[in-house]
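Chemist: Below you will find the structure I want to go over with you.
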Amino acid sequence: MLADDSNTQVGPPGADVPRVSAVDRLVEQIREMLTDRGLRIGDPVPTERDLGEMFQASRNTVREALVVLRAYGLIETRPKVGAVVAAGHGEAIKRLFSVHNGISPDSFRDLQGYRRIIELGVGDEVILKASDADIAALSQVNDRLITASTVPEAAQADYDFHEAIIALGGNRTTLAAYRMLSPVIVEVMQIGKSARPVQTDTHAAHAEVVAALLARDRIAYAYLMSRHLEFGLRFVAGASDRRT
């Protein structure tokens, strides 16, 4: 039996809280499903029927949710294939930050400011929840920087390390939000990566962060991560001269 498609209230009865429509709820469920399955650009999205059965939603609700996801640029329809994960969202994010024409100092600082809020904040959760084995596994992700043979590979390895820390925090919403910015974060990470010493320095900085997490040292983690995020300022013209 399909779930009721009427609006639902989040919170205790009688509380003055906003109602969430069935479509909005399903949009978030599908987005979480795409993230949890690790689907990449071009990967097929489950059919309308499968989505309906998966989330106990009516056909109309599924169709409306897919319309919203297309508007977000998260999925697109391809002939003879159906709905697939799209690159449209990533391109929109890149245009927002103007990374195709070289990122501006202000945009870079905004992006790093967002990352500082998220990545410093998640440190407490990782220290409280993650096992030593989970934290130690970050070193294997970090080692991909050393074996990377191209700038894009190094940038992706850099991003994967930071995403892995976010994942250890155990909050799916935070992880999904971080991943939505991955196209611009990866592209910005390519700045300065053409020089081999930069990859070595980044690997060393990551290793210090891992050591701080293993030591359950919140202060050291916050200091090392903040210093690491500021490192890229030197590669963006004008950014390093406008620190606050």
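Simple scheme: letters A, B, ... for chains in structure tokens order, numbers from 1 for residues in each chain, numbers from 1 for ligands in the order shown.
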Using only C-alpha atoms, which protein or nucleic acid residues come within 12 Å of stretch 212-226 of chain A? Drop anything in the same chain fewer than 5 positions from it, and give the result as a ChimeraX atom specification.
Modeler: /A:112-139,162,165,168-169,202,204-207,231-233
Chemist: Write the residues of the preceding selection, restricted to C-alpha atoms, as a PDB file, in the first residue's frame.
Modeler:
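The result, written out as out.pdb:
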ATOM      1  CA  GLN A 112      37.468  27.912   2.409  1.00  0.00           C
ATOM      2  CA  GLY A 113      35.373  29.633   5.079  1.00  0.00           C
ATOM      3  CA  TYR A 114      32.567  27.144   4.450  1.00  0.00           C
ATOM      4  CA  ARG A 115      35.030  24.259   4.577  1.00  0.00           C
ATOM      5  CA  ARG A 116      36.539  25.584   7.809  1.00  0.00           C
ATOM      6  CA  ILE A 117      33.112  25.671   9.475  1.00  0.00           C
ATOM      7  CA  ILE A 118      32.316  22.131   8.347  1.00  0.00           C
ATOM      8  CA  GLU A 119      35.704  20.453   8.675  1.00  0.00           C
ATOM      9  CA  LEU A 120      36.670  21.967  12.014  1.00  0.00           C
ATOM     10  CA  GLY A 121      33.197  21.319  13.405  1.00  0.00           C
ATOM     11  CA  VAL A 122      33.169  17.679  12.353  1.00  0.00           C
ATOM     12  CA  GLY A 123      36.390  17.037  14.259  1.00  0.00           C
ATOM     13  CA  ASP A 124      34.586  16.688  17.591  1.00  0.00           C
ATOM     14  CA  GLU A 125      32.183  14.132  16.109  1.00  0.00           C
ATOM     15  CA  VAL A 126      35.015  12.097  14.598  1.00  0.00           C
ATOM     16  CA  ILE A 127      36.944  12.115  17.868  1.00  0.00           C
ATOM     17  CA  LEU A 128      33.857  10.993  19.798  1.00  0.00           C
ATOM     18  CA  LYS A 129      32.464   8.415  17.376  1.00  0.00           C
ATOM     19  CA  ALA A 130      35.158   7.033  15.083  1.00  0.00           C
ATOM     20  CA  SER A 131      37.267   4.027  16.036  1.00  0.00           C
ATOM     21  CA  ASP A 132      41.045   4.046  15.868  1.00  0.00           C
ATOM     22  CA  ALA A 133      40.835   1.675  12.905  1.00  0.00           C
ATOM     23  CA  ASP A 134      38.503   4.029  11.022  1.00  0.00           C
ATOM     24  CA  ILE A 135      40.791   6.993  11.653  1.00  0.00           C
ATOM     25  CA  ALA A 136      43.906   5.019  10.753  1.00  0.00           C
ATOM     26  CA  ALA A 137      42.285   4.110   7.433  1.00  0.00           C
ATOM     27  CA  LEU A 138      42.510   7.795   6.502  1.00  0.00           C
ATOM     28  CA  SER A 139      46.230   7.247   5.977  1.00  0.00           C
ATOM     29  CA  HIS A 162      38.672  15.487   3.321  1.00  0.00           C
ATOM     30  CA  ILE A 165      36.857  12.838   7.445  1.00  0.00           C
ATOM     31  CA  LEU A 168      33.522   9.660   9.810  1.00  0.00           C
ATOM     32  CA  GLY A 169      31.409  12.348  11.498  1.00  0.00           C
ATOM     33  CA  THR A 202      49.680  18.297   1.455  1.00  0.00           C
ATOM     34  CA  ALA A 204      52.398  15.685   5.307  1.00  0.00           C
ATOM     35  CA  ALA A 205      49.688  18.085   6.490  1.00  0.00           C
ATOM     36  CA  HIS A 206      47.074  15.338   6.161  1.00  0.00           C
ATOM     37  CA  ALA A 207      49.261  12.956   8.155  1.00  0.00           C
ATOM     38  CA  PHE A 231      47.658  26.940   2.774  1.00  0.00           C
ATOM     39  CA  GLY A 232      45.930  27.375  -0.578  1.00  0.00           C
ATOM     40  CA  LEU A 233      45.621  31.143  -0.124  1.00  0.00           C
TER      41      LEU A 233
END
Chemist: Where in stretch 33-218 of chain A does DSSP assign alpha helix (DSSP H), given as a PyMOL selection string?
Modeler: chain A and resi 33-36+48-55+59-71+88-97+105-129+132-136+138-142+144-147+151-168+172-180+182-189+196-214+218
Chemist: Quick one: pick out all strand (DSSP E or B) residues within stretch 21-175 of chain A from a backbone DSSP run and write them as a ChimeraX atom specification.
Modeler: /A:44,75-78,82-85
Chemist: Quick one: contact table of stretch 156-235 of chain A to stretch 67-87 of chain A, 12 Å max, nearest atom pair and distance in Å to one decimal per residue, counting only C-alpha atoms, chain and number order, as CSV?
Modeler:
residue,atom,partner,partner_atom,distance
A:Met180,CA,A:Leu74,CA,9.6
A:Ser182,CA,A:Ala87,CA,11.6
A:Pro183,CA,A:Ala87,CA,9.2
Chemist: For the residues in that selection, give me C-alpha atoms as a short mmCIF file (atom, residue, chain, number, x, y, z; two decimals), in the first residue's frame.
Modeler:
data_model
loop_
_atom_site.label_atom_id
_atom_site.label_comp_id
_atom_site.auth_asym_id
_atom_site.auth_seq_id
_atom_site.Cartn_x
_atom_site.Cartn_y
_atom_site.Cartn_z
CA MET A 180 27.26 18.87 -3.52
CA SER A 182 32.66 18.62 -4.61
CA PRO A 183 32.93 19.84 -8.25
#
Chemist: What is the atom CA of A:Ala154 to atom CA of A:Arg227 distance in Å?
Modeler: 19.6 Å
Chemist: Which residue, A:Arg179, A:Arg25, A:Arg109, A:His203, has the smallest gap to A:Leu229 when you use only C-alpha atoms?
Modeler: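 Using only C-alpha atoms, the shortest distance to A:Leu229 belongs to A:Arg109.
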Chemist: For A:Arg59, work out the shell of residues within 12 Å, counting only C-alpha atoms and skipping chain neighbours fewer than 2 positions away, then give it as a short mmCIF file (atom, residue, chain, number, x, y, z; two decimals) with all heavy atoms, in the first residue's frame.
Modeler:
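Output file part_29.cif follows:
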data_model
loop_
_atom_site.label_atom_id
_atom_site.label_comp_id
_atom_site.auth_asym_id
_atom_site.auth_seq_id
_atom_site.Cartn_x
_atom_site.Cartn_y
_atom_site.Cartn_z
N LEU A 2 0.53 2.22 -0.87
CA LEU A 2 1.34 3.42 -0.97
C LEU A 2 1.09 4.34 0.21
O LEU A 2 -0.01 4.40 0.75
CB LEU A 2 1.02 4.16 -2.28
CG LEU A 2 1.36 3.39 -3.56
CD1 LEU A 2 1.02 4.23 -4.77
CD2 LEU A 2 2.82 2.99 -3.58
N ALA A 3 2.13 5.06 0.58
CA ALA A 3 2.02 5.99 1.70
C ALA A 3 1.12 7.15 1.33
O ALA A 3 0.96 7.51 0.16
CB ALA A 3 3.41 6.49 2.10
N ASP A 5 0.08 10.70 0.47
CA ASP A 5 0.84 11.77 -0.17
C ASP A 5 0.48 13.14 0.36
O ASP A 5 0.90 14.17 -0.19
CB ASP A 5 0.60 11.76 -1.69
CG ASP A 5 1.43 10.68 -2.36
OD1 ASP A 5 2.26 10.09 -1.68
OD2 ASP A 5 1.21 10.43 -3.56
N ALA A 22 4.84 15.68 0.54
CA ALA A 22 5.30 14.35 0.16
C ALA A 22 6.37 14.44 -0.92
O ALA A 22 7.32 13.66 -0.93
CB ALA A 22 4.12 13.51 -0.33
N VAL A 23 6.22 15.41 -1.83
CA VAL A 23 7.20 15.58 -2.90
C VAL A 23 8.55 16.01 -2.34
O VAL A 23 9.59 15.44 -2.69
CB VAL A 23 6.70 16.59 -3.95
CG1 VAL A 23 7.82 16.88 -4.97
CG2 VAL A 23 5.47 16.07 -4.67
N LEU A 26 10.20 13.18 -0.60
CA LEU A 26 10.73 12.19 -1.53
C LEU A 26 11.99 12.70 -2.23
O LEU A 26 12.92 11.93 -2.48
CB LEU A 26 9.67 11.81 -2.56
CG LEU A 26 10.08 10.71 -3.56
CD1 LEU A 26 10.50 9.44 -2.84
CD2 LEU A 26 8.94 10.43 -4.54
N THR A 47 14.04 3.26 -11.76
CA THR A 47 12.86 3.66 -12.51
C THR A 47 11.80 4.26 -11.58
O THR A 47 11.87 4.11 -10.36
CB THR A 47 12.25 2.46 -13.24
OG1 THR A 47 11.78 1.53 -12.26
CG2 THR A 47 13.28 1.78 -14.14
N GLU A 48 10.81 4.93 -12.20
CA GLU A 48 9.73 5.51 -11.41
C GLU A 48 9.04 4.43 -10.58
O GLU A 48 8.71 4.65 -9.41
CB GLU A 48 8.71 6.19 -12.33
CG GLU A 48 9.23 7.45 -13.00
CD GLU A 48 8.15 8.13 -13.83
OE1 GLU A 48 6.98 7.67 -13.79
OE2 GLU A 48 8.47 9.12 -14.52
N ARG A 49 8.81 3.27 -11.19
CA ARG A 49 8.16 2.17 -10.47
C ARG A 49 9.00 1.71 -9.29
O ARG A 49 8.47 1.51 -8.18
CB ARG A 49 7.88 1.01 -11.42
CG ARG A 49 7.20 -0.18 -10.75
CD ARG A 49 6.88 -1.27 -11.77
NE ARG A 49 6.23 -2.41 -11.14
CZ ARG A 49 5.80 -3.48 -11.80
NH1 ARG A 49 5.94 -3.54 -13.13
NH2 ARG A 49 5.23 -4.47 -11.15
N ASP A 50 10.30 1.55 -9.53
CA ASP A 50 11.18 1.10 -8.45
C ASP A 50 11.25 2.13 -7.32
O ASP A 50 11.25 1.77 -6.13
CB ASP A 50 12.59 0.84 -8.99
CG ASP A 50 12.66 -0.40 -9.86
OD1 ASP A 50 11.74 -1.24 -9.76
OD2 ASP A 50 13.62 -0.53 -10.64
N LEU A 51 11.29 3.41 -7.68
CA LEU A 51 11.33 4.46 -6.66
C LEU A 51 10.05 4.46 -5.85
O LEU A 51 10.07 4.65 -4.62
CB LEU A 51 11.55 5.82 -7.31
CG LEU A 51 12.95 6.08 -7.88
CD1 LEU A 51 12.97 7.38 -8.68
CD2 LEU A 51 13.99 6.13 -6.77
N GLY A 52 8.91 4.26 -6.54
CA GLY A 52 7.65 4.22 -5.84
C GLY A 52 7.59 3.09 -4.84
O GLY A 52 7.12 3.27 -3.70
N GLU A 53 8.07 1.91 -5.23
CA GLU A 53 8.08 0.77 -4.33
C GLU A 53 9.10 0.96 -3.20
O GLU A 53 8.86 0.58 -2.06
CB GLU A 53 8.39 -0.51 -5.10
CG GLU A 53 7.29 -0.89 -6.10
CD GLU A 53 7.65 -2.13 -6.91
OE1 GLU A 53 8.82 -2.59 -6.78
OE2 GLU A 53 6.79 -2.63 -7.66
N MET A 54 10.23 1.55 -3.55
CA MET A 54 11.30 1.73 -2.58
C MET A 54 10.88 2.66 -1.45
O MET A 54 11.17 2.41 -0.28
CB MET A 54 12.53 2.30 -3.30
CG MET A 54 13.80 2.35 -2.47
SD MET A 54 15.15 3.11 -3.41
CE MET A 54 15.20 2.07 -4.88
N PHE A 55 10.17 3.75 -1.82
CA PHE A 55 9.81 4.76 -0.82
C PHE A 55 8.31 4.82 -0.52
O PHE A 55 7.86 5.75 0.14
CB PHE A 55 10.31 6.13 -1.29
CG PHE A 55 11.80 6.21 -1.45
CD1 PHE A 55 12.38 6.31 -2.71
CD2 PHE A 55 12.63 6.16 -0.34
CE1 PHE A 55 13.76 6.37 -2.86
CE2 PHE A 55 14.01 6.22 -0.48
CZ PHE A 55 14.57 6.32 -1.74
N GLN A 56 7.55 3.82 -1.04
CA GLN A 56 6.12 3.75 -0.79
C GLN A 56 5.43 5.06 -1.17
O GLN A 56 4.69 5.66 -0.38
CB GLN A 56 5.86 3.42 0.68
CG GLN A 56 6.26 2.00 1.07
CD GLN A 56 5.41 0.94 0.36
OE1 GLN A 56 4.24 0.78 0.64
NE2 GLN A 56 6.02 0.25 -0.59
N ALA A 57 5.70 5.52 -2.38
CA ALA A 57 5.14 6.78 -2.88
C ALA A 57 4.33 6.51 -4.14
O ALA A 57 4.60 5.56 -4.88
CB ALA A 57 6.27 7.77 -3.17
N THR A 61 3.62 11.39 -7.20
CA THR A 61 4.62 11.96 -6.29
C THR A 61 6.03 11.72 -6.82
O THR A 61 6.89 12.61 -6.79
CB THR A 61 4.47 11.37 -4.88
OG1 THR A 61 3.18 11.67 -4.37
CG2 THR A 61 5.52 11.95 -3.93
N VAL A 62 6.28 10.51 -7.31
CA VAL A 62 7.59 10.19 -7.86
C VAL A 62 7.90 11.08 -9.04
O VAL A 62 9.00 11.64 -9.15
CB VAL A 62 7.65 8.71 -8.28
CG1 VAL A 62 8.96 8.42 -9.04
CG2 VAL A 62 7.56 7.80 -7.06
N ARG A 63 6.93 11.25 -9.94
CA ARG A 63 7.17 12.07 -11.13
C ARG A 63 7.45 13.52 -10.76
O ARG A 63 8.33 14.16 -11.34
CB ARG A 63 5.95 11.98 -12.06
CG ARG A 63 5.86 10.63 -12.77
CD ARG A 63 4.64 10.56 -13.67
NE ARG A 63 4.62 9.30 -14.42
CZ ARG A 63 3.63 8.92 -15.21
NH1 ARG A 63 2.55 9.69 -15.35
NH2 ARG A 63 3.70 7.76 -15.86
N GLU A 64 6.70 14.05 -9.79
CA GLU A 64 6.93 15.43 -9.37
C GLU A 64 8.30 15.58 -8.72
O GLU A 64 9.00 16.59 -8.92
CB GLU A 64 5.84 15.88 -8.41
CG GLU A 64 4.48 16.07 -9.07
CD GLU A 64 3.44 16.58 -8.10
OE1 GLU A 64 3.80 17.43 -7.26
OE2 GLU A 64 2.27 16.14 -8.16
N ALA A 65 8.70 14.58 -7.94
CA ALA A 65 10.02 14.64 -7.30
C ALA A 65 11.13 14.62 -8.34
O ALA A 65 12.13 15.34 -8.22
CB ALA A 65 10.19 13.47 -6.33
N LEU A 66 10.96 13.81 -9.39
CA LEU A 66 11.96 13.76 -10.45
C LEU A 66 12.04 15.07 -11.22
O LEU A 66 13.12 15.48 -11.66
CB LEU A 66 11.66 12.60 -11.40
CG LEU A 66 11.81 11.19 -10.80
CD1 LEU A 66 11.40 10.13 -11.81
CD2 LEU A 66 13.24 10.95 -10.32
#
